[in-house]
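Undergrad: Starting off with a structure, shown below.
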Amino acid sequence: MEKIKDPSIYRNPVILQSEDLTKYILETAVYPREPEPLKELRELNKDHPWGFIATSPDAAQLMALLLKVLNPRKTIEVGVFTGYSLLLTALNIPHDGKITAIDINRKAYDIGLPAIKKAGVEHKIDFIESAALPILDKLLEDPANEGSFDFAFVDADKENYVNYHERLIKLIKIGGLLVYDNTLWGGRVCWPEEKVPEHFRSGRNAAIEFNKTITNDSRVEFALTSVGDGLNICRRVA
Ligand code: SAH
Ligand code: CA
């Protein structure tokens, strides 16, 4: 991530609905009910050059609802950044719920951490600074972890989504949820490849491949939704 000199080339807004409709949803439904700690984190993101990669608040609102219905005790997040989705998860799971949160880089997490502490939910979080795949593999070395998680949110390197899914489907219990972000990749999944700017191509191709994999995976029921940047919401059924 650090290697890219000009994040603004990535900044073309991820809006799958019309701008007016997105504004309507955010202003009438999302921001008025957004908890104060999340507002605080969103403000912090505004000052960060990469702040625009945080989970879209409308997608987060849907996720909060799913979390409340599921009431998960053991969750996992891949891709934390400053922690908007992490704090949202922490706020919506039970008091004794836990989140294993993995990010290859802790720097952004440290920016969000004061807001997480202030919200009184830090005790739910076990942050691991590492590439995610080796951690998931390590978790799977202990058979006790198989089928032990209730919920997963995946929002890191898109090229590894299929690999994350292969591990997470074993870690999540039957009936548990796996939620994958950015699966419509700014709508570019339906663009002809040659129209997609070079720096969006590998993400676009990865999203297409991933969505196909999920459609063909009989171990899950799912809904590919166009909220935020596209949440692919899966439930393990086998
Ligand atoms: N969910 C976050 C946004 C995540 S952005 C939010 O709501 O704000 C993607 C994150 O994935 C970045 O913080 C990046 O450091 C992390 N990442 C990239 N590659 C990774 C990898 N291989 N393993 C773990 N994390 C990775
Ligand atoms: Ca995302």
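Letters for chains follow the order of the structure tokens (A, B, ...), residue numbers begin at 1 for each chain, and ligand numbers begin at 1 in the order shown.
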Mind running range 3-75 of chain A against range 147-153 of chain A at 9 Å and telling me each contacting residue's nearest atom pair with the distance in Å (one decimal), counting only C-alpha atoms, chain and number ascending, as JSON lines?
TA:
```
{"residue": "A:Leu67", "atom": "CA", "partner": "A:Phe151", "partner_atom": "CA", "distance": 8.1}
{"residue": "A:Leu70", "atom": "CA", "partner": "A:Asp150", "partner_atom": "CA", "distance": 8.0}
{"residue": "A:Asn71", "atom": "CA", "partner": "A:Asp150", "partner_atom": "CA", "distance": 8.5}
{"residue": "A:Pro72", "atom": "CA", "partner": "A:Asp150", "partner_atom": "CA", "distance": 5.3}
{"residue": "A:Arg73", "atom": "CA", "partner": "A:Asp150", "partner_atom": "CA", "distance": 6.7}
{"residue": "A:Lys74", "atom": "CA", "partner": "A:Phe149", "partner_atom": "CA", "distance": 4.9}
{"residue": "A:Thr75", "atom": "CA", "partner": "A:Phe151", "partner_atom": "CA", "distance": 4.7}
```
Undergrad: For the residues in the current selection, export N, CA, C and O atoms as a compact mmCIF listing (two decimals), in the first residue's frame.
TA:
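Listed below is the output, out03.txt:
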```
# COMPACT_ATOMS: atom_id res chain seq x y z
N LEU A 67 -25.25 -8.61 12.51
CA LEU A 67 -24.58 -8.98 13.76
C LEU A 67 -25.57 -9.07 14.91
O LEU A 67 -25.52 -9.99 15.73
N LEU A 70 -27.51 -12.29 14.53
CA LEU A 70 -26.67 -13.48 14.73
C LEU A 70 -26.15 -13.61 16.16
O LEU A 70 -25.95 -14.70 16.66
N ASN A 71 -25.91 -12.45 16.79
CA ASN A 71 -25.36 -12.42 18.16
C ASN A 71 -24.09 -13.28 18.31
O ASN A 71 -24.03 -14.15 19.17
N PRO A 72 -23.09 -13.02 17.48
CA PRO A 72 -21.93 -13.91 17.46
C PRO A 72 -20.98 -13.70 18.63
O PRO A 72 -20.74 -12.56 19.06
N ARG A 73 -20.43 -14.78 19.17
CA ARG A 73 -19.47 -14.67 20.28
C ARG A 73 -18.04 -14.67 19.75
O ARG A 73 -17.18 -14.04 20.32
N LYS A 74 -17.81 -15.38 18.65
CA LYS A 74 -16.44 -15.49 18.13
C LYS A 74 -16.42 -15.03 16.68
O LYS A 74 -17.09 -15.64 15.83
N THR A 75 -15.71 -13.95 16.41
CA THR A 75 -15.71 -13.40 15.06
C THR A 75 -14.27 -13.17 14.59
O THR A 75 -13.33 -13.16 15.39
```
Undergrad: Neighbours of ligand 2 at 7 Å or closer, counting only C-alpha atoms and all ligand atoms: which residues, as a PyMOL selection string?
TA: chain A and resi 53-55+155+181-182
Undergrad: Keeping N, CA and C atoms, export the residues of the selection given above as an mmCIF file, in the first residue's frame.
TA:
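Saved file again25.cif follows:
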```cif
data_model
loop_
_atom_site.group_PDB
_atom_site.id
_atom_site.type_symbol
_atom_site.label_atom_id
_atom_site.label_comp_id
_atom_site.auth_asym_id
_atom_site.auth_seq_id
_atom_site.Cartn_x
_atom_site.Cartn_y
_atom_site.Cartn_z
ATOM 1 N N ILE A 53 -10.897 4.269 1.823
ATOM 2 C CA ILE A 53 -11.038 2.807 1.693
ATOM 3 C C ILE A 53 -11.817 2.193 2.858
ATOM 4 N N ALA A 54 -12.151 2.985 3.860
ATOM 5 C CA ALA A 54 -12.929 2.441 4.984
ATOM 6 C C ALA A 54 -14.271 1.904 4.483
ATOM 7 N N THR A 55 -14.822 0.958 5.216
ATOM 8 C CA THR A 55 -16.114 0.378 4.860
ATOM 9 C C THR A 55 -17.163 1.466 4.724
ATOM 10 N N ASP A 155 -12.080 -7.939 4.186
ATOM 11 C CA ASP A 155 -11.959 -6.643 3.519
ATOM 12 C C ASP A 155 -10.487 -6.296 3.279
ATOM 13 N N ASP A 181 -16.415 -7.823 1.450
ATOM 14 C CA ASP A 181 -16.650 -6.457 0.956
ATOM 15 C C ASP A 181 -16.002 -6.238 -0.409
ATOM 16 N N ASN A 182 -16.467 -5.224 -1.093
ATOM 17 C CA ASN A 182 -15.908 -4.766 -2.383
ATOM 18 C C ASN A 182 -16.064 -5.799 -3.501
#
```
Undergrad: Which residues sit within 7 Å of ligand 1, counting only C-alpha atoms and all ligand atoms, listed as an MDAnalysis selection string?
TA: chainID A and resid 1 53:55 78:86 102:105 108 130:133 155:157
Undergrad: I need the residues from that last selection saved to file as a PDB file, in the first residue's frame (with C-alpha atoms), if you can.
TA:
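Ended up saving to out_38.pdb:
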```pdb
ATOM      1  CA  MET A   1       0.000   0.000   0.000  1.00  0.00           C
ATOM      2  CA  ILE A  53     -11.038   2.807   1.693  1.00  0.00           C
ATOM      3  CA  ALA A  54     -12.929   2.441   4.984  1.00  0.00           C
ATOM      4  CA  THR A  55     -16.114   0.378   4.860  1.00  0.00           C
ATOM      5  CA  VAL A  78      -9.424  -9.662   7.754  1.00  0.00           C
ATOM      6  CA  GLY A  79      -8.411  -6.098   6.811  1.00  0.00           C
ATOM      7  CA  VAL A  80      -8.793  -3.556   9.623  1.00  0.00           C
ATOM      8  CA  PHE A  81      -7.304  -0.236   8.385  1.00  0.00           C
ATOM      9  CA  THR A  82      -8.263   2.415  11.012  1.00  0.00           C
ATOM     10  CA  GLY A  83     -11.045   0.183  12.316  1.00  0.00           C
ATOM     11  CA  TYR A  84     -14.450   1.429  11.143  1.00  0.00           C
ATOM     12  CA  SER A  85     -15.827  -2.081  10.480  1.00  0.00           C
ATOM     13  CA  LEU A  86     -13.936  -3.429  13.491  1.00  0.00           C
ATOM     14  CA  ILE A 102      -5.865  -9.257  11.285  1.00  0.00           C
ATOM     15  CA  ASP A 103      -4.067  -6.594   9.266  1.00  0.00           C
ATOM     16  CA  ILE A 104      -0.686  -6.698   7.589  1.00  0.00           C
ATOM     17  CA  ASN A 105       0.008  -3.186   8.908  1.00  0.00           C
ATOM     18  CA  ALA A 108      -3.690   2.768  10.585  1.00  0.00           C
ATOM     19  CA  SER A 130       0.362 -10.068   9.952  1.00  0.00           C
ATOM     20  CA  ALA A 131      -0.535 -11.155   6.469  1.00  0.00           C
ATOM     21  CA  ALA A 132      -3.854 -12.947   6.951  1.00  0.00           C
ATOM     22  CA  LEU A 133      -3.284 -16.256   5.144  1.00  0.00           C
ATOM     23  CA  ASP A 155     -11.959  -6.643   3.519  1.00  0.00           C
ATOM     24  CA  ALA A 156      -8.263  -7.035   2.675  1.00  0.00           C
ATOM     25  CA  ASP A 157      -6.368  -7.870  -0.531  1.00  0.00           C
TER      26      ASP A 157
END
```
Undergrad: Of the candidates A:Gly112, A:Lys98, A:Arg204, A:Lys138, which one gets nearest to Ile125 in chain A if we count only C-alpha atoms?
TA: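 Nearest to Ile125 in chain A: A:Lys98.
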Undergrad: Show me a table, sorted first by chain and then by increasing residue number, of the residues of range 90-176 of chain A having an atom at most 12 Å from range 28-41 of chain A, each with its shortest atom pair and the distance in Å to one decimal, counting only C-alpha atoms and written as a tab-separated table.
TA:
```
residue	atom	partner	partner_atom	distance
A:Ala90	CA	A:Leu38	CA	10.8
A:Leu91	CA	A:Pro35	CA	8.9
A:Asn92	CA	A:Pro35	CA	10.7
A:Ala108	CA	A:Leu41	CA	11.3
A:Tyr109	CA	A:Leu41	CA	10.8
A:Asp110	CA	A:Leu41	CA	11.7
A:Ile111	CA	A:Leu41	CA	9.0
A:Gly112	CA	A:Leu41	CA	6.3
A:Leu113	CA	A:Leu41	CA	9.2
A:Pro114	CA	A:Leu41	CA	9.3
A:Ala115	CA	A:Pro37	CA	6.2
A:Ile116	CA	A:Pro37	CA	7.3
A:Lys117	CA	A:Pro37	CA	9.6
A:Lys118	CA	A:Pro37	CA	7.7
A:Ala119	CA	A:Pro37	CA	6.0
A:Gly120	CA	A:Pro37	CA	9.8
A:Val121	CA	A:Pro37	CA	10.5
```
Undergrad: Could those residues be written to a file, using N, CA and C atoms, as a PDB file, in the first residue's frame?
TA:
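Final file, again_38.pdb:
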```pdb
ATOM      1  N   ALA A  90     -17.406  -4.599  17.024  1.00  0.00           N
ATOM      2  CA  ALA A  90     -17.249  -4.616  18.481  1.00  0.00           C
ATOM      3  C   ALA A  90     -18.487  -4.049  19.176  1.00  0.00           C
ATOM      4  N   LEU A  91     -19.116  -3.054  18.564  1.00  0.00           N
ATOM      5  CA  LEU A  91     -20.292  -2.417  19.175  1.00  0.00           C
ATOM      6  C   LEU A  91     -21.550  -3.286  19.065  1.00  0.00           C
ATOM      7  N   ASN A  92     -21.530  -4.250  18.148  1.00  0.00           N
ATOM      8  CA  ASN A  92     -22.759  -4.992  17.870  1.00  0.00           C
ATOM      9  C   ASN A  92     -22.725  -6.471  18.244  1.00  0.00           C
ATOM     10  N   ALA A 108      -2.366   2.144  10.677  1.00  0.00           N
ATOM     11  CA  ALA A 108      -3.690   2.768  10.585  1.00  0.00           C
ATOM     12  C   ALA A 108      -4.536   2.410  11.813  1.00  0.00           C
ATOM     13  N   TYR A 109      -4.406   1.154  12.278  1.00  0.00           N
ATOM     14  CA  TYR A 109      -5.163   0.720  13.457  1.00  0.00           C
ATOM     15  C   TYR A 109      -4.835   1.603  14.665  1.00  0.00           C
ATOM     16  N   ASP A 110      -3.570   1.964  14.799  1.00  0.00           N
ATOM     17  CA  ASP A 110      -3.169   2.809  15.929  1.00  0.00           C
ATOM     18  C   ASP A 110      -3.835   4.190  15.878  1.00  0.00           C
ATOM     19  N   ILE A 111      -4.176   4.637  14.679  1.00  0.00           N
ATOM     20  CA  ILE A 111      -4.878   5.930  14.557  1.00  0.00           C
ATOM     21  C   ILE A 111      -6.304   5.807  15.104  1.00  0.00           C
ATOM     22  N   GLY A 112      -6.945   4.685  14.817  1.00  0.00           N
ATOM     23  CA  GLY A 112      -8.339   4.490  15.246  1.00  0.00           C
ATOM     24  C   GLY A 112      -8.482   4.018  16.683  1.00  0.00           C
ATOM     25  N   LEU A 113      -7.393   3.443  17.213  1.00  0.00           N
ATOM     26  CA  LEU A 113      -7.475   2.797  18.532  1.00  0.00           C
ATOM     27  C   LEU A 113      -8.026   3.694  19.658  1.00  0.00           C
ATOM     28  N   PRO A 114      -7.623   4.965  19.739  1.00  0.00           N
ATOM     29  CA  PRO A 114      -8.192   5.801  20.807  1.00  0.00           C
ATOM     30  C   PRO A 114      -9.723   5.861  20.762  1.00  0.00           C
ATOM     31  N   ALA A 115     -10.300   5.916  19.567  1.00  0.00           N
ATOM     32  CA  ALA A 115     -11.766   5.949  19.448  1.00  0.00           C
ATOM     33  C   ALA A 115     -12.368   4.621  19.909  1.00  0.00           C
ATOM     34  N   ILE A 116     -11.666   3.517  19.604  1.00  0.00           N
ATOM     35  CA  ILE A 116     -12.134   2.183  20.029  1.00  0.00           C
ATOM     36  C   ILE A 116     -12.072   2.063  21.548  1.00  0.00           C
ATOM     37  N   LYS A 117     -10.970   2.563  22.115  1.00  0.00           N
ATOM     38  CA  LYS A 117     -10.826   2.524  23.593  1.00  0.00           C
ATOM     39  C   LYS A 117     -11.906   3.360  24.259  1.00  0.00           C
ATOM     40  N   LYS A 118     -12.125   4.551  23.690  1.00  0.00           N
ATOM     41  CA  LYS A 118     -13.119   5.465  24.246  1.00  0.00           C
ATOM     42  C   LYS A 118     -14.512   4.839  24.228  1.00  0.00           C
ATOM     43  N   ALA A 119     -14.772   4.024  23.216  1.00  0.00           N
ATOM     44  CA  ALA A 119     -16.077   3.363  23.107  1.00  0.00           C
ATOM     45  C   ALA A 119     -16.211   2.208  24.096  1.00  0.00           C
ATOM     46  N   GLY A 120     -15.106   1.846  24.760  1.00  0.00           N
ATOM     47  CA  GLY A 120     -15.157   0.805  25.806  1.00  0.00           C
ATOM     48  C   GLY A 120     -15.272  -0.612  25.267  1.00  0.00           C
ATOM     49  N   VAL A 121     -14.762  -0.852  24.056  1.00  0.00           N
ATOM     50  CA  VAL A 121     -14.909  -2.196  23.478  1.00  0.00           C
ATOM     51  C   VAL A 121     -13.569  -2.842  23.106  1.00  0.00           C
TER      52      VAL A 121
END
```
Undergrad: Residues within 9 Å of Val227 in chain A, please, as a PyMOL selection string. Count only C-alpha atoms; anything in the same chain fewer than 5 positions from it doesn't count.
TA: chain A and resi 16-17+56+58-59+62
Undergrad: Going by DSSP on the backbone, which bits of range 23-213 of chain A are alpha helix (DSSP H)? Write them as number ranges by chain, please.
TA: A: 23-25, 36-46, 57-70, 84-92, 107-118, 132-141, 161-171, 198-213
Undergrad: Taking the chain letters and numbering used in this document, name the residues of range 27-152 of chain A that DSSP puts in strand (DSSP E or B), as a PyMOL selection string.
TA: chain A and resi 74-78+98-103+125-129+149-152
Undergrad: With a distance cut-off of 12 Å and only C-alpha atoms, select the neighbouring residues of Arg167 in chain A, excluding the residue or stretch itself and same-chain residues fewer than 3 positions from it, and output the selection as a PyMOL selection string.
TA: chain A and resi 76+78+132-141+145-147+149+152+154+160-164+170-172+178
Undergrad: Separation of CA of Asn211 in chain A and CA of Leu66 in chain A, in Å?
TA: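 According to the coordinates, CA of Asn211 in chain A and CA of Leu66 in chain A are separated by 20.3 Å.
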Undergrad: Please report the interatomic distance between CA of Arg219 in chain A and CA of Leu231 in chain A in Å with one decimal.
TA: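 Interatomic distance here is 18.0 Å.
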Undergrad: Which residue, A:Gly176, A:Thr225, A:Ile169, A:Glu159, has the smallest gap to Glu209 in chain A when you use only C-alpha atoms?
TA: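 Of A:Gly176, A:Thr225, A:Ile169, A:Glu159, the one nearest Glu209 in chain A, counting only C-alpha atoms, is A:Glu159.
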Undergrad: Which residue gives the smallest distance to Leu88 in chain A among A:Gly51, A:Pro143, A:Pro57, A:Gly175, with only C-alpha atoms counted?
TA: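 When distances to Leu88 in chain A are compared using only C-alpha atoms, the smallest one comes from A:Pro57.
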Undergrad: Work out how far apart CA of Ala238 in chain A and CA of Asn205 in chain A are and give it in Å to one decimal.
TA: 27.3 Å
Undergrad: For His165 in chain A, which residue out of A:Ser226, A:Ser218, A:Thr213, A:Thr100 is the nearest one, using only C-alpha atoms?
TA: A:Thr213
Undergrad: Of the candidates A:Ile128, A:Leu87, A:Leu168, A:Val189, which shows the shortest atom-to-atom distance to Ala101 in chain A, using only C-alpha atoms?
TA: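 Of A:Ile128, A:Leu87, A:Leu168, A:Val189, the one nearest Ala101 in chain A is A:Ile128, counting only C-alpha atoms.
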